[in-house]
>>> print(open('entry_14.cif').read())   # mmCIF, C-alpha atoms and all ligand atoms
data_protein
#
loop_
_atom_site.label_atom_id
_atom_site.label_comp_id
_atom_site.auth_asym_id
_atom_site.auth_seq_id
_atom_site.Cartn_x
_atom_site.Cartn_y
_atom_site.Cartn_z
CA MET A 1 210.50 -237.28 -104.54
CA THR A 2 211.64 -236.47 -101.01
CA ASN A 3 210.19 -237.98 -97.86
CA PRO A 4 207.91 -235.26 -96.43
CA GLU A 5 208.52 -236.38 -92.84
CA ALA A 6 212.21 -235.39 -93.22
CA GLY A 7 211.04 -231.78 -93.51
CA LEU A 8 211.30 -229.09 -96.10
CA ALA A 9 213.00 -225.70 -96.18
CA VAL A 10 211.76 -222.90 -98.41
CA PHE A 11 213.82 -219.82 -99.27
CA GLY A 12 211.78 -217.03 -100.82
CA GLY A 13 212.97 -213.87 -102.51
CA THR A 14 213.09 -211.70 -105.55
CA PHE A 15 216.31 -213.26 -106.87
CA ASP A 16 216.95 -210.28 -109.15
CA PRO A 17 219.45 -211.83 -109.84
CA VAL A 18 220.22 -214.99 -107.85
CA HIS A 19 223.73 -214.85 -106.32
CA PHE A 20 226.10 -216.83 -104.11
CA GLY A 21 224.66 -215.13 -101.01
CA HIS A 22 221.42 -217.00 -101.72
CA LEU A 23 223.02 -220.23 -102.92
CA ARG A 24 225.62 -220.64 -100.15
CA SER A 25 223.08 -219.70 -97.52
CA ALA A 26 220.66 -222.28 -98.91
CA SER A 27 223.33 -225.03 -98.74
CA ALA A 28 224.39 -224.02 -95.25
CA VAL A 29 220.82 -223.99 -93.99
CA ARG A 30 220.10 -227.38 -95.58
CA ASP A 31 223.05 -228.87 -93.69
CA PHE A 32 222.15 -227.07 -90.45
CA LEU A 33 218.57 -228.36 -90.53
CA GLY A 34 219.39 -231.77 -91.99
CA VAL A 35 216.65 -231.47 -94.61
CA PRO A 36 217.05 -233.28 -97.93
CA CYS A 37 216.04 -230.33 -100.06
CA VAL A 38 215.76 -226.54 -100.06
CA LYS A 39 213.21 -224.98 -102.39
CA LEU A 40 213.92 -221.56 -103.84
CA VAL A 41 210.70 -219.68 -104.54
CA PRO A 42 210.94 -216.52 -106.67
CA SER A 43 208.20 -213.95 -106.09
CA SER A 44 205.99 -212.70 -108.88
CA ILE A 45 205.29 -209.20 -107.56
CA PRO A 46 206.99 -208.65 -104.21
CA PRO A 47 204.65 -206.70 -101.87
CA HIS A 48 207.28 -204.65 -100.01
CA ARG A 49 209.61 -203.30 -102.64
CA GLU A 50 209.87 -201.91 -106.14
CA ASN A 51 209.12 -204.28 -108.98
CA PRO A 52 212.20 -206.25 -110.02
CA SER A 53 214.01 -205.03 -113.14
CA SER A 54 214.01 -208.45 -114.84
CA THR A 55 210.81 -210.34 -115.64
CA PRO A 56 209.51 -213.24 -113.53
CA ALA A 57 210.40 -215.60 -116.39
CA GLN A 58 213.97 -214.29 -116.52
CA ARG A 59 214.42 -214.59 -112.75
CA LEU A 60 213.04 -218.11 -112.91
CA SER A 61 215.44 -219.01 -115.73
CA MET A 62 218.41 -217.62 -113.80
CA LEU A 63 217.46 -219.69 -110.75
CA ARG A 64 217.07 -222.82 -112.85
CA ILE A 65 220.48 -222.28 -114.44
CA ALA A 66 222.04 -221.66 -111.02
CA THR A 67 220.65 -224.82 -109.45
CA CYS A 68 220.57 -227.28 -112.37
CA GLU A 69 223.52 -229.28 -111.04
CA GLU A 70 222.39 -229.14 -107.40
CA GLU A 71 220.35 -232.19 -106.47
CA THR A 72 219.42 -230.82 -103.07
CA MET A 73 218.05 -227.53 -104.37
CA ALA A 74 214.90 -227.09 -106.37
CA VAL A 75 213.17 -224.10 -107.88
CA ASP A 76 209.45 -223.79 -107.26
CA ASP A 77 207.46 -221.48 -109.53
CA ARG A 78 204.15 -221.36 -107.62
CA GLU A 79 204.33 -217.61 -106.85
CA ILE A 80 205.04 -216.79 -110.47
CA SER A 81 202.32 -219.16 -111.72
CA ARG A 82 199.87 -217.65 -109.24
CA GLN A 83 200.72 -214.13 -110.51
CA GLY A 84 199.65 -211.01 -108.65
CA ILE A 85 201.21 -209.98 -105.35
CA SER A 86 203.20 -212.78 -103.75
CA TYR A 87 202.14 -213.08 -100.14
CA THR A 88 204.39 -215.42 -98.17
CA ALA A 89 201.55 -216.55 -95.90
CA ASP A 90 199.63 -217.86 -98.96
CA THR A 91 202.71 -219.57 -100.37
CA LEU A 92 203.56 -221.28 -97.11
CA ALA A 93 199.95 -222.41 -96.67
CA SER A 94 200.04 -224.06 -100.10
CA PHE A 95 203.28 -225.91 -99.25
CA ARG A 96 201.77 -226.97 -95.92
CA CYS A 97 198.77 -228.51 -97.71
CA GLU A 98 201.13 -230.67 -99.75
CA LEU A 99 203.40 -231.60 -96.84
CA GLY A 100 200.70 -232.66 -94.40
CA VAL A 101 200.32 -231.38 -90.87
CA THR A 102 203.15 -233.18 -89.07
CA ALA A 103 206.25 -232.61 -91.21
CA PRO A 104 208.71 -229.96 -90.00
CA PHE A 105 208.59 -227.04 -92.39
CA TYR A 106 211.06 -224.14 -92.38
CA PHE A 107 210.82 -220.72 -93.98
CA VAL A 108 214.28 -219.20 -94.44
CA LEU A 109 214.90 -215.46 -94.62
CA GLY A 110 217.71 -212.99 -94.08
CA ILE A 111 217.77 -210.67 -91.07
CA ASP A 112 216.98 -207.67 -93.31
CA SER A 113 213.71 -209.31 -94.38
CA TYR A 114 212.91 -210.45 -90.84
CA ALA A 115 213.29 -206.84 -89.66
CA THR A 116 210.30 -205.93 -91.87
CA LEU A 117 208.13 -208.90 -90.84
CA HIS A 118 205.56 -206.78 -88.96
CA ARG A 119 204.62 -205.14 -92.27
CA TRP A 120 203.89 -208.43 -94.07
CA HIS A 121 200.37 -209.60 -94.89
CA ARG A 122 199.12 -211.91 -92.06
CA TRP A 123 202.62 -211.95 -90.60
CA GLN A 124 201.56 -213.38 -87.27
CA ASP A 125 200.08 -216.43 -89.01
CA ILE A 126 203.38 -217.40 -90.59
CA ALA A 127 204.72 -219.24 -87.54
CA ASP A 128 201.44 -221.19 -87.37
CA ILE A 129 202.46 -222.73 -90.69
CA ALA A 130 206.26 -222.98 -90.57
CA HIS A 131 209.34 -222.43 -88.41
CA LEU A 132 211.25 -219.26 -89.24
CA ILE A 133 214.99 -219.54 -89.82
CA VAL A 134 216.55 -216.08 -89.70
CA LEU A 135 220.03 -215.78 -91.20
CA ASP A 136 222.50 -213.13 -90.11
CA ARG A 137 223.82 -211.25 -93.07
CA PRO A 138 227.04 -209.21 -93.17
CA GLY A 139 226.53 -205.47 -93.33
CA TYR A 140 222.88 -205.52 -92.27
CA PRO A 141 221.66 -204.20 -88.91
CA GLN A 142 220.79 -206.69 -86.22
CA GLU A 143 218.01 -204.59 -84.66
CA ILE A 144 214.56 -206.11 -84.78
CA PRO A 145 211.44 -203.94 -84.34
CA SER A 146 209.98 -204.24 -80.83
CA GLU A 147 206.70 -205.64 -82.20
CA VAL A 148 208.49 -208.54 -83.88
CA GLN A 149 210.78 -209.04 -80.90
CA ALA A 150 207.84 -209.30 -78.49
CA TRP A 151 206.00 -211.70 -80.80
CA SER A 152 209.05 -213.96 -81.19
CA GLU A 153 210.01 -214.11 -77.51
CA ASN A 154 208.23 -217.36 -76.65
CA ARG A 155 209.15 -218.94 -79.96
CA LEU A 156 212.95 -218.52 -79.96
CA VAL A 157 215.10 -221.65 -80.12
CA GLU A 158 218.88 -221.93 -80.49
CA GLY A 159 219.38 -225.04 -82.58
CA PRO A 160 217.63 -227.40 -84.96
CA GLU A 161 216.86 -230.22 -82.52
CA GLY A 162 213.75 -228.71 -80.91
CA MET A 163 212.36 -227.81 -84.31
CA LYS A 164 212.60 -231.36 -85.65
CA GLN A 165 210.04 -232.50 -83.08
CA ARG A 166 207.52 -229.88 -84.14
CA ALA A 167 205.97 -229.03 -87.47
CA PHE A 168 206.00 -225.23 -87.04
CA GLY A 169 206.04 -222.44 -84.47
CA CYS A 170 209.73 -221.75 -83.67
CA VAL A 171 211.98 -218.85 -84.61
CA CYS A 172 215.69 -219.61 -84.89
CA ARG A 173 218.24 -216.84 -85.48
CA ILE A 174 221.52 -218.21 -86.74
CA THR A 175 224.87 -217.19 -88.14
CA LEU A 176 225.94 -219.60 -90.85
CA GLU A 177 228.12 -218.84 -93.84
CA GLN A 178 228.52 -215.06 -94.13
CA VAL A 179 228.46 -214.02 -97.77
CA ASP A 180 228.72 -210.30 -98.34
CA ILE A 181 226.83 -210.12 -101.65
CA SER A 182 223.57 -208.36 -102.49
CA ALA A 183 221.54 -208.24 -105.68
CA THR A 184 221.48 -204.42 -105.47
CA ASN A 185 225.27 -204.33 -105.58
CA LEU A 186 225.37 -206.84 -108.43
CA ARG A 187 222.88 -204.82 -110.50
CA ASP A 188 225.07 -201.73 -109.98
CA LYS A 189 228.16 -203.63 -111.10
CA LEU A 190 226.45 -205.05 -114.17
CA LYS A 191 225.15 -201.61 -115.09
CA SER A 192 228.71 -200.28 -114.94
CA GLY A 193 229.89 -203.10 -117.20
CA ILE A 194 231.73 -204.96 -114.41
CA ARG A 195 231.52 -208.76 -114.62
CA PRO A 196 230.74 -209.99 -111.07
CA THR A 197 232.93 -213.08 -111.22
CA GLY A 198 232.78 -215.12 -108.01
CA GLU A 199 229.57 -213.44 -106.84
CA MET A 200 227.10 -215.40 -108.94
CA PRO A 201 227.40 -218.50 -111.16
CA GLU A 202 229.24 -217.91 -114.44
CA LYS A 203 226.36 -219.38 -116.45
CA VAL A 204 223.96 -216.88 -114.84
CA ILE A 205 226.31 -214.01 -115.71
CA ASP A 206 226.33 -215.26 -119.32
CA PHE A 207 222.50 -215.31 -119.30
CA VAL A 208 222.40 -211.74 -117.94
CA ILE A 209 224.74 -210.49 -120.65
CA GLU A 210 223.04 -212.44 -123.43
CA HIS A 211 219.64 -210.97 -122.48
CA GLY A 212 220.94 -207.46 -121.84
CA LEU A 213 219.69 -207.43 -118.24
CA TYR A 214 220.56 -204.69 -115.73
CA CYS A 215 222.11 -202.41 -118.37
CA GLU A 216 220.04 -199.36 -117.42
P1 LIG A 301 218.28 -206.77 -103.09
O1 LIG A 301 219.69 -206.26 -102.88
O2 LIG A 301 217.70 -206.47 -104.44
O3 LIG A 301 217.37 -206.37 -101.95
P2 LIG A 301 218.95 -209.40 -102.05
O4 LIG A 301 220.38 -209.64 -102.36
O5 LIG A 301 218.60 -209.00 -100.64
O6 LIG A 301 218.34 -208.36 -103.08
P3 LIG A 301 216.58 -211.04 -102.31
O7 LIG A 301 216.21 -211.88 -103.46
O8 LIG A 301 215.80 -209.80 -102.07
O9 LIG A 301 218.16 -210.68 -102.48
O10 LIG A 301 216.65 -211.90 -101.00
C1 LIG A 301 215.89 -213.07 -100.79
C2 LIG A 301 216.14 -213.56 -99.38
O11 LIG A 301 217.51 -213.92 -99.26
C3 LIG A 301 215.90 -212.49 -98.30
O12 LIG A 301 215.34 -213.11 -97.16
C4 LIG A 301 217.30 -211.98 -98.00
O13 LIG A 301 217.40 -211.47 -96.69
C5 LIG A 301 218.13 -213.24 -98.19
N1 LIG A 301 219.51 -212.96 -98.60
C6 LIG A 301 219.91 -212.33 -99.72
N2 LIG A 301 221.25 -212.26 -99.78
C7 LIG A 301 221.71 -212.85 -98.66
C8 LIG A 301 223.04 -213.10 -98.12
N3 LIG A 301 224.13 -212.65 -98.74
N4 LIG A 301 223.12 -213.77 -96.95
C9 LIG A 301 221.99 -214.19 -96.30
N5 LIG A 301 220.74 -213.99 -96.74
C10 LIG A 301 220.59 -213.33 -97.90
#
>>> encode(input="entry_14.cif", output="C-alpha cells")
Amino acid sequence: MTNPEAGLAVFGGTFDPVHFGHLRSASAVRDFLGVPCVKLVPSSIPPHRENPSSTPAQRLSMLRIATCEEETMAVDDREISRQGISYTADTLASFRCELGVTAPFYFVLGIDSYATLHRWHRWQDIADIAHLIVLDRPGYPQEIPSEVQAWSENRLVEGPEGMKQRAFGCVCRITLEQVDISATNLRDKLKSGIRPTGEMPEKVIDFVIEHGLYCE
C-alpha cells in the first residue's frame, strides 16, 4: 500500500497491445514526478477510436504479464470492470475519491492524445481532478488545437516542483525517454508474421502468439 500523500500517477490507454513506449514512458514519468507508483489503466471501450482488436480481458492479461516484475507499476482494471464507454473524467474522479483531496494526482498522456483533448467528455473538468502530464512522442505532431492551448495557458508549468504543492490543476509538457513504438505498427508487424523483438516484452509476444492475436 503506497502513501497517498506521495502522489499517484495514472497512465490510461487502450494498450492493444502494451509496448515499451508505454512501459519506458511510465518508468520515466515515475522518476520525473518522484511518485512511488504508476497505475496503468486499460480502457474498456475507448470513446474516440475504433474498438480494440483484442478483448478487454486479453489486454488486461498482457498488461499484467508486462508489469508482473515491476514493483512500481500496477495495473488497475476499474474501466474494464465498469464496462461501457471509458470516460477519463469518471475514472479520474473515482481515483480522486480514494486518494483524498490533498494528494498530488497526475494523469499521464502522450501528445497525440492531448491534441484530441477538446473532444473528450467533460474535458475541462479533468484538470480540476488531476494534473496533466503530456509526453512528447517521436513522430507525432506538436501542434495543439487553439481551444486546448487557450485553456491550458494559465495552467502550464515546466517542472514537477510546483505540482507537488498542489493536488491538481497544472499542465506539464515534457520530453522524457523518446521511444518510437506504436501499437498500430506492432499490430501490422504481427499480422505480417514479424516478431517485434525489443518493442514489447518477450512474454507478451508469447501471449499474443499463443492466443492468435492480431493475425487478421
Ligand atoms: P495505437 O497505435 O493503437 O493508437 P498507441 O501506441 O498510441 O496505440 P495507446 O494504448 O493508444 O497506444 O496509448 C495510451 C497512451 O500512451 C496515450 O496517451 C498515448 O499517447 C501514450 N503513448 C503510446 N505510445 C507512446 C510512446 N511511444 N511514447 C509516449 N507516449 C505513448
>>> atom_distance(input="entry_14.cif", atom1="CA of His19 in chain A", atom2="CA of Tyr87 in chain A")
22.5 Å
>>> residues_near_ligand(input="entry_14.cif", ligand="ligand LIG 301 (chain A)", cutoff="9 Å", atoms="only C-alpha atoms and all ligand atoms", output="PyMOL selection string")
chain A and resi 11-26+42-43+49+52+108-114+134-138+176-187
>>> closest_residue(input="entry_14.cif", among="A:Gln142, A:Ser94, A:Thr88, A:Gln149", to="Trp120 in chain A", atoms="only C-alpha atoms")
A:Thr88
>>> closest_residue(input="entry_14.cif", among="A:Ala115, A:Cys172, A:Ala28, A:Leu92", to="Arg78 in chain A", atoms="all atoms listed in the file")
A:Leu92
>>> atom_distance(input="entry_14.cif", atom1="CA of Pro160 in chain A", atom2="CA of Leu40 in chain A")
20.1 Å
>>> closest_residue(input="entry_14.cif", among="A:Pro141, A:Gly212, A:Gly7, A:Gly169", to="Cys37 in chain A", atoms="only C-alpha atoms")
A:Gly7
>>> residues_around(input="entry_14.cif", residues="Glu147 in chain A", least_positions_apart="2", cutoff="12 Å", atoms="all atoms listed in the file", output="PyMOL selection string")
chain A and resi 114-119+123-124+143-145+149-153
>>> residues_around(input="entry_14.cif", residues="Asp77 in chain A", least_positions_apart="3", cutoff="10 Å", atoms="all atoms listed in the file", output="list in words")
Lys39, Leu40, Val41, Pro42, Ser43, Ser44, Pro56, Ala57, Leu60, Ala74, Ile80, Ser81 and Arg82 of chain A
>>> axis_aligned_box(input="entry_14.cif", around="range 6-17 of chain A", padding_each_side="5 Å", output="JSON")
{"center_x": 215.2, "center_y": -222.8, "center_z": -101.5, "size_x": 18.4, "size_y": 35.1, "size_z": 26.6}
>>> closest_residue(input="entry_14.cif", among="A:Ala9, A:Ile45, A:Leu190, A:Leu156", to="Ile174 in chain A", atoms="only C-alpha atoms")
A:Leu156
>>> atom_distance(input="entry_14.cif", atom1="CA of Thr102 in chain A", atom2="CA of Ser27 in chain A")
23.8 Å
